[in-house]
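Student: Structure: structure08.tsv, TSV, C-alpha atoms.
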chain	number	residue	atom	x	y	z
A	803	MET	CA	1.23	-17.70	5.49
A	804	GLN	CA	1.24	-21.05	3.71
A	805	ILE	CA	3.33	-19.55	0.91
A	806	LEU	CA	5.67	-17.82	3.36
A	807	LEU	CA	6.26	-20.96	5.40
A	808	SER	CA	6.45	-23.37	2.45
A	809	ALA	CA	9.45	-25.63	2.84
A	810	ARG	CA	10.00	-25.84	-0.90
A	811	ARG	CA	10.28	-22.06	-1.31
A	812	ALA	CA	13.71	-20.51	-0.95
A	813	HIS	CA	13.91	-18.87	2.44
A	814	LYS	CA	14.58	-15.15	2.55
A	815	LYS	CA	15.04	-12.84	5.49
A	816	SER	CA	12.36	-10.58	4.01
A	817	ASN	CA	9.91	-13.48	4.13
A	818	THR	CA	10.27	-13.69	7.90
A	819	PHE	CA	9.72	-9.95	8.17
A	820	TYR	CA	6.60	-10.08	6.00
A	821	ALA	CA	5.28	-13.04	8.00
A	822	VAL	CA	5.56	-11.07	11.25
A	823	PHE	CA	4.30	-7.88	9.60
A	824	SER	CA	1.22	-9.57	8.13
A	825	THR	CA	0.43	-11.32	11.41
A	826	MET	CA	0.63	-8.03	13.31
A	827	MET	CA	-1.70	-6.34	10.82
A	828	LEU	CA	-4.20	-9.19	11.09
A	829	PHE	CA	-4.03	-9.06	14.88
A	830	LEU	CA	-4.61	-5.28	14.97
A	831	VAL	CA	-7.60	-5.34	12.62
A	832	THR	CA	-9.03	-8.26	14.62
A	833	VAL	CA	-8.77	-6.21	17.81
A	834	TRP	CA	-10.64	-3.33	16.14
A	835	VAL	CA	-13.38	-5.59	14.74
A	836	ALA	CA	-13.81	-7.36	18.08
A	837	THR	CA	-14.13	-4.13	20.08
A	838	GLN	CA	-16.60	-2.63	17.59
A	839	ALA	CA	-18.67	-5.82	17.54
A	840	PHE	CA	-18.82	-6.02	21.33
A	841	PHE	CA	-19.72	-2.34	21.69
A	842	GLY	CA	-22.43	-2.70	19.04
A	843	GLU	CA	-23.83	-5.78	20.79
A	844	LYS	CA	-24.08	-3.94	24.10
A	845	MET	CA	-25.59	-0.81	22.53
A	846	TRP	CA	-28.18	-2.47	20.28
A	847	ILE	CA	-28.97	-5.71	22.16
A	848	LEU	CA	-27.80	-6.04	25.76
A	849	ASP	CA	-28.50	-2.43	26.74
A	850	SER	CA	-31.23	-1.68	24.21
A	851	ASN	CA	-33.40	-0.20	26.99
A	852	PHE	CA	-30.77	2.34	28.00
A	853	PRO	CA	-32.44	5.68	28.92
A	854	GLY	CA	-32.30	8.00	25.93
A	855	GLY	CA	-31.65	5.27	23.38
A	856	PRO	CA	-28.55	4.32	21.37
A	857	ASP	CA	-27.44	7.94	20.82
A	858	VAL	CA	-27.20	8.63	24.53
A	859	TYR	CA	-25.56	5.26	25.14
A	860	TRP	CA	-22.96	6.06	22.47
A	861	LYS	CA	-22.02	9.40	24.03
A	862	ALA	CA	-21.94	7.93	27.54
A	863	ASN	CA	-19.82	4.87	26.76
A	864	ILE	CA	-17.75	5.68	23.64
A	865	SER	CA	-14.61	6.17	25.74
A	866	VAL	CA	-14.95	2.84	27.56
A	867	TRP	CA	-11.62	1.08	28.06
A	868	TYR	CA	-11.95	-1.59	25.36
A	869	MET	CA	-12.83	1.03	22.72
A	870	ASP	CA	-9.48	2.65	23.50
A	871	TRP	CA	-7.87	-0.63	22.46
A	872	GLY	CA	-9.67	-0.42	19.13
A	873	THR	CA	-8.53	3.16	18.52
A	874	THR	CA	-4.92	2.31	19.38
A	875	ALA	CA	-5.05	-0.72	17.07
A	876	VAL	CA	-6.30	1.44	14.17
A	877	VAL	CA	-3.58	4.06	14.67
A	878	LEU	CA	-0.87	1.39	14.75
A	879	LEU	CA	-2.36	-0.37	11.73
A	880	GLN	CA	-2.44	2.85	9.73
A	881	LEU	CA	1.13	3.75	10.62
A	882	MET	CA	2.29	0.28	9.54
A	883	THR	CA	0.40	0.46	6.24
A	884	ASP	CA	1.72	3.94	5.46
A	885	ALA	CA	5.27	2.84	6.30
A	886	LEU	CA	4.92	-0.12	3.93
A	887	MET	CA	3.73	2.20	1.16
A	888	ILE	CA	6.73	4.48	1.72
A	889	HIS	CA	9.05	1.48	1.48
A	890	ARG	CA	7.39	0.30	-1.73
A	891	CYS	CA	7.65	3.79	-3.22
A	892	ARG	CA	11.39	3.79	-2.50
A	893	VAL	CA	11.72	0.38	-4.14
A	894	VAL	CA	9.76	1.38	-7.24
A	895	TRP	CA	11.73	4.60	-7.73
A	896	ASN	CA	15.01	3.11	-6.45
A	897	SER	CA	15.69	6.40	-4.71
A	898	HIS	CA	15.70	7.69	-1.14
A	899	GLN	CA	15.20	11.31	-2.16
A	900	ILE	CA	11.72	10.56	-3.49
A	901	ILE	CA	10.46	9.62	-0.02
A	902	ILE	CA	11.70	12.68	1.91
A	903	VAL	CA	8.31	14.42	1.89
A	904	PRO	CA	6.35	11.17	2.57
A	905	VAL	CA	8.56	10.45	5.59
A	906	ILE	CA	7.92	13.94	6.98
A	907	LEU	CA	4.17	13.43	6.53
A	908	TRP	CA	4.41	10.02	8.19
A	909	LEU	CA	6.13	11.55	11.23
A	910	ALA	CA	3.39	14.20	11.38
A	911	SER	CA	0.72	11.48	11.28
A	912	LEU	CA	2.55	9.67	14.09
A	913	VAL	CA	2.30	12.73	16.34
A	914	LEU	CA	-1.33	13.35	15.41
A	915	GLY	CA	-2.13	9.66	15.91
A	916	ILE	CA	-0.84	9.83	19.48
A	917	LEU	CA	-3.00	12.91	20.08
A	918	VAL	CA	-6.05	11.14	18.62
A	919	ASP	CA	-5.48	8.18	20.91
A	920	TRP	CA	-5.10	10.45	23.93
A	921	THR	CA	-8.18	12.62	23.24
A	922	THR	CA	-10.49	9.72	22.44
A	923	SER	CA	-9.41	7.81	25.55
A	924	SER	CA	-10.15	10.79	27.80
A	925	PRO	CA	-13.46	10.67	29.72
A	926	GLY	CA	-16.26	11.63	27.37
A	927	GLY	CA	-13.94	11.62	24.38
A	928	ASP	CA	-15.79	11.02	21.09
A	929	PHE	CA	-13.95	10.65	17.79
A	930	PHE	CA	-16.91	12.13	15.91
A	931	SER	CA	-17.40	15.25	18.06
A	932	GLY	CA	-15.50	17.84	20.06
A	933	ILE	CA	-11.75	18.36	20.08
A	934	ALA	CA	-11.15	14.68	19.33
A	935	SER	CA	-13.04	15.11	16.07
A	936	GLN	CA	-10.91	18.10	15.03
A	937	ILE	CA	-7.64	16.31	15.81
A	938	GLY	CA	-8.95	13.18	14.11
A	939	LEU	CA	-9.80	15.17	10.99
A	940	ALA	CA	-6.27	16.62	10.93
A	941	TYR	CA	-4.79	13.17	11.47
A	942	TYR	CA	-6.71	11.50	8.66
A	943	THR	CA	-6.13	14.48	6.36
A	944	VAL	CA	-2.36	14.07	6.70
A	945	SER	CA	-2.59	10.32	6.29
A	946	VAL	CA	-4.85	10.45	3.21
A	947	VAL	CA	-2.67	13.13	1.60
A	948	LEU	CA	0.33	10.87	2.24
A	949	ASN	CA	-1.48	7.88	0.70
A	950	THR	CA	-2.52	9.92	-2.33
A	951	ILE	CA	1.02	11.18	-2.95
A	952	LEU	CA	2.50	7.69	-2.67
A	953	THR	CA	-0.17	6.13	-4.88
A	954	CYS	CA	0.35	8.78	-7.58
A	955	LEU	CA	4.14	8.38	-7.44
A	956	ILE	CA	3.95	4.60	-7.76
A	957	CYS	CA	1.37	4.71	-10.55
A	958	TYR	CA	3.33	7.33	-12.49
A	959	ARG	CA	6.58	5.36	-12.23
A	960	MET	CA	5.01	2.10	-13.36
A	961	MET	CA	3.05	3.65	-16.24
A	962	ARG	CA	6.10	5.56	-17.45
A	963	TYR	CA	8.25	2.45	-17.40
A	964	ALA	CA	5.56	0.35	-19.09
A	965	LYS	CA	5.27	2.95	-21.87
A	966	SER	CA	9.02	2.87	-22.41
A	967	VAL	CA	9.08	-0.92	-22.56
A	968	GLN	CA	6.18	-0.93	-25.00
A	969	GLU	CA	8.00	1.47	-27.31
A	970	HIS	CA	11.13	-0.68	-27.43
A	971	LEU	CA	9.92	-4.25	-26.88
A	972	GLY	CA	6.22	-4.18	-27.74
A	973	ARG	CA	2.91	-4.49	-25.93
A	974	GLU	CA	3.47	-8.12	-24.91
A	975	TYR	CA	6.48	-7.32	-22.76
A	976	ALA	CA	4.94	-4.10	-21.46
A	977	SER	CA	2.03	-6.10	-20.04
A	978	LEU	CA	4.49	-7.66	-17.58
A	979	TYR	CA	4.94	-4.24	-15.96
A	980	PHE	CA	1.55	-2.65	-16.51
A	981	SER	CA	-1.90	-4.09	-16.04
A	982	ILE	CA	-4.95	-2.97	-14.13
A	983	VAL	CA	-4.43	-5.57	-11.41
A	984	THR	CA	-0.74	-4.73	-11.05
A	985	LEU	CA	-1.48	-1.02	-10.81
A	986	ILE	CA	-4.24	-1.47	-8.23
A	987	VAL	CA	-2.27	-3.82	-5.99
A	988	GLU	CA	1.17	-2.18	-6.24
A	989	SER	CA	-0.18	1.30	-5.52
A	990	VAL	CA	-2.55	0.08	-2.74
A	991	LEU	CA	-5.27	1.98	-4.60
A	992	PRO	CA	-8.33	0.63	-2.68
A	993	TYR	CA	-6.83	1.89	0.57
A	994	THR	CA	-6.26	5.37	-0.85
A	995	LEU	CA	-9.70	5.67	-2.49
A	996	SER	CA	-11.56	4.51	0.63
A	997	GLY	CA	-9.53	6.99	2.68
A	998	ILE	CA	-10.53	9.85	0.39
A	999	ALA	CA	-14.20	8.83	0.61
A	1000	PHE	CA	-14.04	8.69	4.41
A	1001	LEU	CA	-12.19	12.01	4.69
A	1002	VAL	CA	-14.73	13.82	2.50
A	1003	THR	CA	-17.75	12.49	4.42
A	1004	MET	CA	-16.11	13.16	7.77
A	1005	GLY	CA	-15.24	16.73	6.76
A	1006	MET	CA	-18.85	17.29	5.70
A	1007	GLY	CA	-20.11	15.90	9.00
A	1008	SER	CA	-22.14	13.26	7.19
A	1009	PRO	CA	-23.45	10.26	9.18
A	1010	THR	CA	-22.23	8.03	6.34
A	1011	SER	CA	-18.68	8.65	7.56
A	1012	VAL	CA	-19.28	5.87	10.10
A	1013	ALA	CA	-19.79	3.40	7.24
A	1014	PHE	CA	-16.85	4.71	5.22
A	1015	VAL	CA	-14.47	4.53	8.17
A	1016	CYS	CA	-15.26	0.81	8.51
A	1017	VAL	CA	-14.39	0.21	4.85
A	1018	TYR	CA	-11.30	2.38	5.21
A	1019	ILE	CA	-9.96	0.48	8.20
A	1020	LEU	CA	-10.57	-2.89	6.56
A	1021	MET	CA	-8.68	-1.68	3.46
A	1022	MET	CA	-5.77	-0.76	5.73
A	1023	CYS	CA	-5.27	-4.48	6.26
A	1024	ILE	CA	-6.55	-6.06	3.03
A	1025	SER	CA	-4.67	-3.89	0.50
A	1026	PRO	CA	-1.22	-4.36	2.11
A	1027	GLN	CA	-1.84	-8.11	2.40
A	1028	MET	CA	-2.50	-8.27	-1.35
A	1029	LEU	CA	0.73	-6.37	-2.00
A	1030	ILE	CA	2.73	-8.59	0.35
A	1031	LEU	CA	1.38	-11.66	-1.45
A	1032	ARG	CA	2.72	-10.33	-4.77
A	1033	VAL	CA	6.08	-9.61	-3.14
A	1034	ILE	CA	6.60	-13.07	-1.66
A	1035	VAL	CA	5.59	-14.89	-4.87
A	1036	GLY	CA	8.08	-12.78	-6.81
A	1037	ARG	CA	5.60	-10.88	-8.98
A	1038	ALA	CA	5.98	-7.44	-7.41
A	1039	TRP	CA	8.32	-4.66	-8.48
A	1040	ASP	CA	11.71	-4.90	-6.76
A	1041	GLU	CA	15.16	-3.29	-6.82
A	1042	THR	CA	16.24	-5.37	-9.84
A	1043	THR	CA	13.30	-4.50	-12.09
A	1044	LEU	CA	15.06	-1.52	-13.66
A	1045	ASN	CA	18.42	-3.28	-13.79
A	1046	GLN	CA	17.55	-6.59	-15.38
A	1047	PRO	CA	20.05	-7.78	-18.00
A	1048	GLY	CA	18.93	-7.05	-21.52
A	1049	SER	CA	18.30	-9.51	-24.32
A	1050	THR	CA	20.98	-10.08	-26.93
A	1051	LEU	CA	19.97	-10.62	-30.54
A	1052	LYS	CA	22.78	-11.98	-32.74
A	1053	PHE	CA	21.96	-12.04	-36.40
A	1054	THR	CA	24.11	-9.40	-38.12
A	1055	PRO	CA	26.72	-10.59	-40.65
A	1056	PRO	CA	30.37	-9.57	-40.25
A	1057	GLY	CA	31.43	-6.07	-41.10
A	1058	MET	CA	28.31	-4.32	-39.93
A	1059	GLY	CA	30.03	-2.44	-37.11
A	1060	PRO	CA	30.08	-2.68	-33.31
A	1061	PRO	CA	27.09	-3.61	-31.15
A	1062	GLN	CA	24.41	-0.91	-30.89
A	1063	PRO	CA	23.01	-0.51	-27.36
A	1064	ILE	CA	19.63	1.06	-26.76
A	1065	ASP	CA	19.18	2.28	-23.19
A	1066	ASN	CA	16.12	3.67	-21.51
A	1067	ILE	CA	15.37	3.63	-17.79
A	1068	GLY	CA	17.75	0.76	-17.19
A	1069	GLN	CA	16.46	-1.47	-20.00
A	1070	ARG	CA	19.09	-2.46	-22.60
A	1071	ILE	CA	18.69	-4.11	-25.97
A	1072	GLN	CA	21.95	-5.02	-27.68
A	1073	LEU	CA	22.60	-6.10	-31.26
A	1074	GLN	CA	25.89	-7.90	-31.71
A	1075	THR	CA	27.72	-9.31	-34.73
A	1076	MET	CA	28.40	-13.00	-35.03
A	1077	SER	CA	30.33	-14.37	-38.00
A	1078	ASP	CA	28.55	-17.71	-38.31
A	1079	ALA	CA	24.95	-16.52	-38.02
A	1080	TYR	CA	23.42	-14.45	-40.80
A	1081	ILE	CA	20.66	-14.59	-43.34
A	1082	PRO	CA	22.05	-14.80	-46.92
A	1083	ASP	CA	20.41	-12.79	-49.68
A	1084	SER	CA	18.66	-10.70	-47.03
A	1085	LYS	CA	17.87	-7.11	-47.92
A	1086	VAL	CA	17.49	-6.11	-44.29
Please lay out the structure from this file as C-alpha cells.

Tutor:
Amino acid sequence: MQILLSARRAHKKSNTFYAVFSTMMLFLVTVWVATQAFFGEKMWILDSNFPGGPDVYWKANISVWYMDWGTTAVVLLQLMTDALMIHRCRVVWNSHQIIIVPVILWLASLVLGILVDWTTSSPGGDFFSGIASQIGLAYYTVSVVLNTILTCLICYRMMRYAKSVQEHLGREYASLYFSIVTLIVESVLPYTLSGIAFLVTMGMGSPTSVAFVCVYILMMCISPQMLILRVIVGRAWDETTLNQPGSTLKFTPPGMGPPQPIDNIGQRIQLQTMSDAYIPDSKV
C-alpha cells in the first residue's frame, strides 16, 4: 500500500483498482482467520469439557453463524484470485480467445461456490462430510483445474518468449523475461501447487486435508499480493512486453543494402546503414 499511495509515483487508474483489490483480499482472509481462530478457541479451550469431546463439538457447531462468514469469505477470495489469474493470462498472451475456457470454468466455480456456501450454512452442514463435502470436492476440483490450466499457459508463454529472446539477443536479455522468481510469481505457482495438494488429500479423505486447506487459503491471498506488487512496481509482464521497440545497430558502411529486420514474437532487431559510421579495414 505504501508503494501504491506514494506521492512520487505516477498515478494510474490501475493502481487505485489494485489498492482496492488488495485491501478486499486482505479483509476476506482476515475474516476467515478470525472465524477459524475463534471456533478453535471455543472447541479446544472454552468448551473443552463438551460431552463427547472435540469431534462431537465440531459436528454440533460447524454450521454456527460466524463459520458461515468464513466460508463465504473463502469463496469470494478464491473467485477474486481466479479472476486475477484469468486477467493476467490474457495480458501475457495478449489475446481474449485464450481465456474462453478459463472463463467458462470460472463461471462453473461461481455456481458451485454458491452451492458450497448454501450447503455448509444449512443446519448440520459440514464441509468435510455429507452432501456439502461432495459439492465442495466438485467446487475445488473445478477451481484447481482452472488454476493449473492458467499456470501452465502463463509458464509456457513466458518460457517460449524467453527462449526466443535468448536465441536472438543472448542469455543476459533473456533473464529479464525468465527467471525462477519471475515464473513463480507471474504464474501464481504456490497457489496452484497448494490447491493440488489439498484436492488430492481431500479426495482421499485424509485428515491432513484440514492442514492443506489452511495453506491453500493463505496462498489465495499471498500469491496474488506478490503478483500485484510486481505489477505496480513495473516489473510484471504487460501489454507492451511483446511490442517494445527494437534496438537499432548502425555500423554498416554504405552500399551494403537496405536494413534487415529480424522479427520473432514481436521483438525486432534492425540493422541500418549509416554513411559516416563504419569500421575501415574490417573483414566483417

Student: With range 1031-1038 of chain A as the partner and 12 Å as the cut-off, tabulate the residues of range 848-905 of chain A that qualify, each row holding the nearest pair of atoms and their distance in Å to one decimal, using all atoms listed in the file, sorted by chain and rising number, as a tab-separated table.

Tutor:
residue	atom	partner	partner_atom	distance
A:Leu886	CA	A:Val1033	CA	11.9
A:Arg890	CA	A:Ala1038	CA	9.7
A:Val893	CA	A:Ala1038	CA	10.2
A:Val894	CA	A:Ala1038	CA	9.6

Student: Within 8 Å of range 820-826 of chain A, counting all atoms listed in the file, which residues qualify if same-chain residues fewer than 2 places away don't, as a PyMOL selection string?

Tutor: chain A and resi 803+806+816-818+828-830+1027+1030

Student: Rounded to one decimal place, report the CA of Gln968 in chain A-CA of Ile982 in chain A distance in Å.

Tutor: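 Distance reported for this atom pair: 15.7 Å.
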
Student: Quick one: contact table of range 898-957 of chain A to range 1001-1011 of chain A, 8 Å max, nearest atom pair and distance in Å to one decimal per residue, counting all atoms listed in the file, chain and number order, as a tab-separated table?

Tutor:
residue	atom	partner	partner_atom	distance
A:Leu939	CA	A:Gly1005	CA	7.1
A:Tyr942	CA	A:Leu1001	CA	6.8
A:Thr943	CA	A:Leu1001	CA	6.8
A:Val946	CA	A:Leu1001	CA	7.6

Student: Counting only C-alpha atoms, which residue out of A:Leu848, A:Ile900, A:Leu917, A:Ile906 sits closest to Ile956 in chain A?

Tutor: A:Ile900

Student: Can you pull range 806-855 of chain A out of that block with C-alpha atoms and hand it back as a PDB file, in the first residue's frame?

Tutor:
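Once written, selection32.pdb looks like this:
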ATOM      1  CA  LEU A 806       0.561   2.308  -4.307  1.00  0.00           C
ATOM      2  CA  LEU A 807      -0.078   5.503  -2.369  1.00  0.00           C
ATOM      3  CA  SER A 808       3.385   7.005  -2.838  1.00  0.00           C
ATOM      4  CA  ALA A 809       3.084  10.617  -3.905  1.00  0.00           C
ATOM      5  CA  ARG A 810       6.227  10.447  -6.010  1.00  0.00           C
ATOM      6  CA  ARG A 811       4.951   7.537  -8.112  1.00  0.00           C
ATOM      7  CA  ALA A 812       2.975   8.366 -11.229  1.00  0.00           C
ATOM      8  CA  HIS A 813      -0.686   7.787 -10.501  1.00  0.00           C
ATOM      9  CA  LYS A 814      -2.507   5.239 -12.631  1.00  0.00           C
ATOM     10  CA  LYS A 815      -6.126   4.194 -12.607  1.00  0.00           C
ATOM     11  CA  SER A 816      -4.981   0.583 -12.310  1.00  0.00           C
ATOM     12  CA  ASN A 817      -3.155   1.474  -9.094  1.00  0.00           C
ATOM     13  CA  THR A 818      -6.429   2.518  -7.478  1.00  0.00           C
ATOM     14  CA  PHE A 819      -8.031  -0.719  -8.614  1.00  0.00           C
ATOM     15  CA  TYR A 820      -5.172  -2.822  -7.226  1.00  0.00           C
ATOM     16  CA  ALA A 821      -5.288  -0.893  -3.946  1.00  0.00           C
ATOM     17  CA  VAL A 822      -8.982  -1.719  -3.503  1.00  0.00           C
ATOM     18  CA  PHE A 823      -8.494  -5.277  -4.769  1.00  0.00           C
ATOM     19  CA  SER A 824      -5.615  -5.991  -2.377  1.00  0.00           C
ATOM     20  CA  THR A 825      -7.479  -4.483   0.559  1.00  0.00           C
ATOM     21  CA  MET A 826     -10.525  -6.639  -0.160  1.00  0.00           C
ATOM     22  CA  MET A 827      -8.386  -9.777  -0.341  1.00  0.00           C
ATOM     23  CA  LEU A 828      -6.696  -8.928   2.951  1.00  0.00           C
ATOM     24  CA  PHE A 829     -10.065  -8.265   4.575  1.00  0.00           C
ATOM     25  CA  LEU A 830     -11.518 -11.584   3.360  1.00  0.00           C
ATOM     26  CA  VAL A 831      -8.575 -13.691   4.520  1.00  0.00           C
ATOM     27  CA  THR A 832      -8.676 -11.860   7.871  1.00  0.00           C
ATOM     28  CA  VAL A 833     -12.342 -12.775   8.266  1.00  0.00           C
ATOM     29  CA  TRP A 834     -11.526 -16.440   7.590  1.00  0.00           C
ATOM     30  CA  VAL A 835      -8.572 -16.491  10.008  1.00  0.00           C
ATOM     31  CA  ALA A 836     -10.599 -14.747  12.722  1.00  0.00           C
ATOM     32  CA  THR A 837     -13.550 -17.149  12.466  1.00  0.00           C
ATOM     33  CA  GLN A 838     -11.284 -20.210  12.471  1.00  0.00           C
ATOM     34  CA  ALA A 839      -9.311 -18.903  15.445  1.00  0.00           C
ATOM     35  CA  PHE A 840     -12.447 -18.157  17.454  1.00  0.00           C
ATOM     36  CA  PHE A 841     -14.001 -21.539  16.651  1.00  0.00           C
ATOM     37  CA  GLY A 842     -10.761 -23.307  17.600  1.00  0.00           C
ATOM     38  CA  GLU A 843     -10.584 -21.369  20.871  1.00  0.00           C
ATOM     39  CA  LYS A 844     -14.112 -22.391  21.816  1.00  0.00           C
ATOM     40  CA  MET A 845     -13.601 -26.031  20.802  1.00  0.00           C
ATOM     41  CA  TRP A 846     -10.204 -26.616  22.440  1.00  0.00           C
ATOM     42  CA  ILE A 847     -10.256 -24.176  25.385  1.00  0.00           C
ATOM     43  CA  LEU A 848     -13.565 -22.594  26.359  1.00  0.00           C
ATOM     44  CA  ASP A 849     -15.686 -25.697  25.736  1.00  0.00           C
ATOM     45  CA  SER A 850     -13.004 -28.325  26.258  1.00  0.00           C
ATOM     46  CA  ASN A 851     -15.359 -30.282  28.556  1.00  0.00           C
ATOM     47  CA  PHE A 852     -18.053 -30.585  25.904  1.00  0.00           C
ATOM     48  CA  PRO A 853     -19.722 -34.043  26.103  1.00  0.00           C
ATOM     49  CA  GLY A 854     -18.143 -36.324  23.536  1.00  0.00           C
ATOM     50  CA  GLY A 855     -15.012 -34.236  23.056  1.00  0.00           C
TER      51      GLY A 855
END
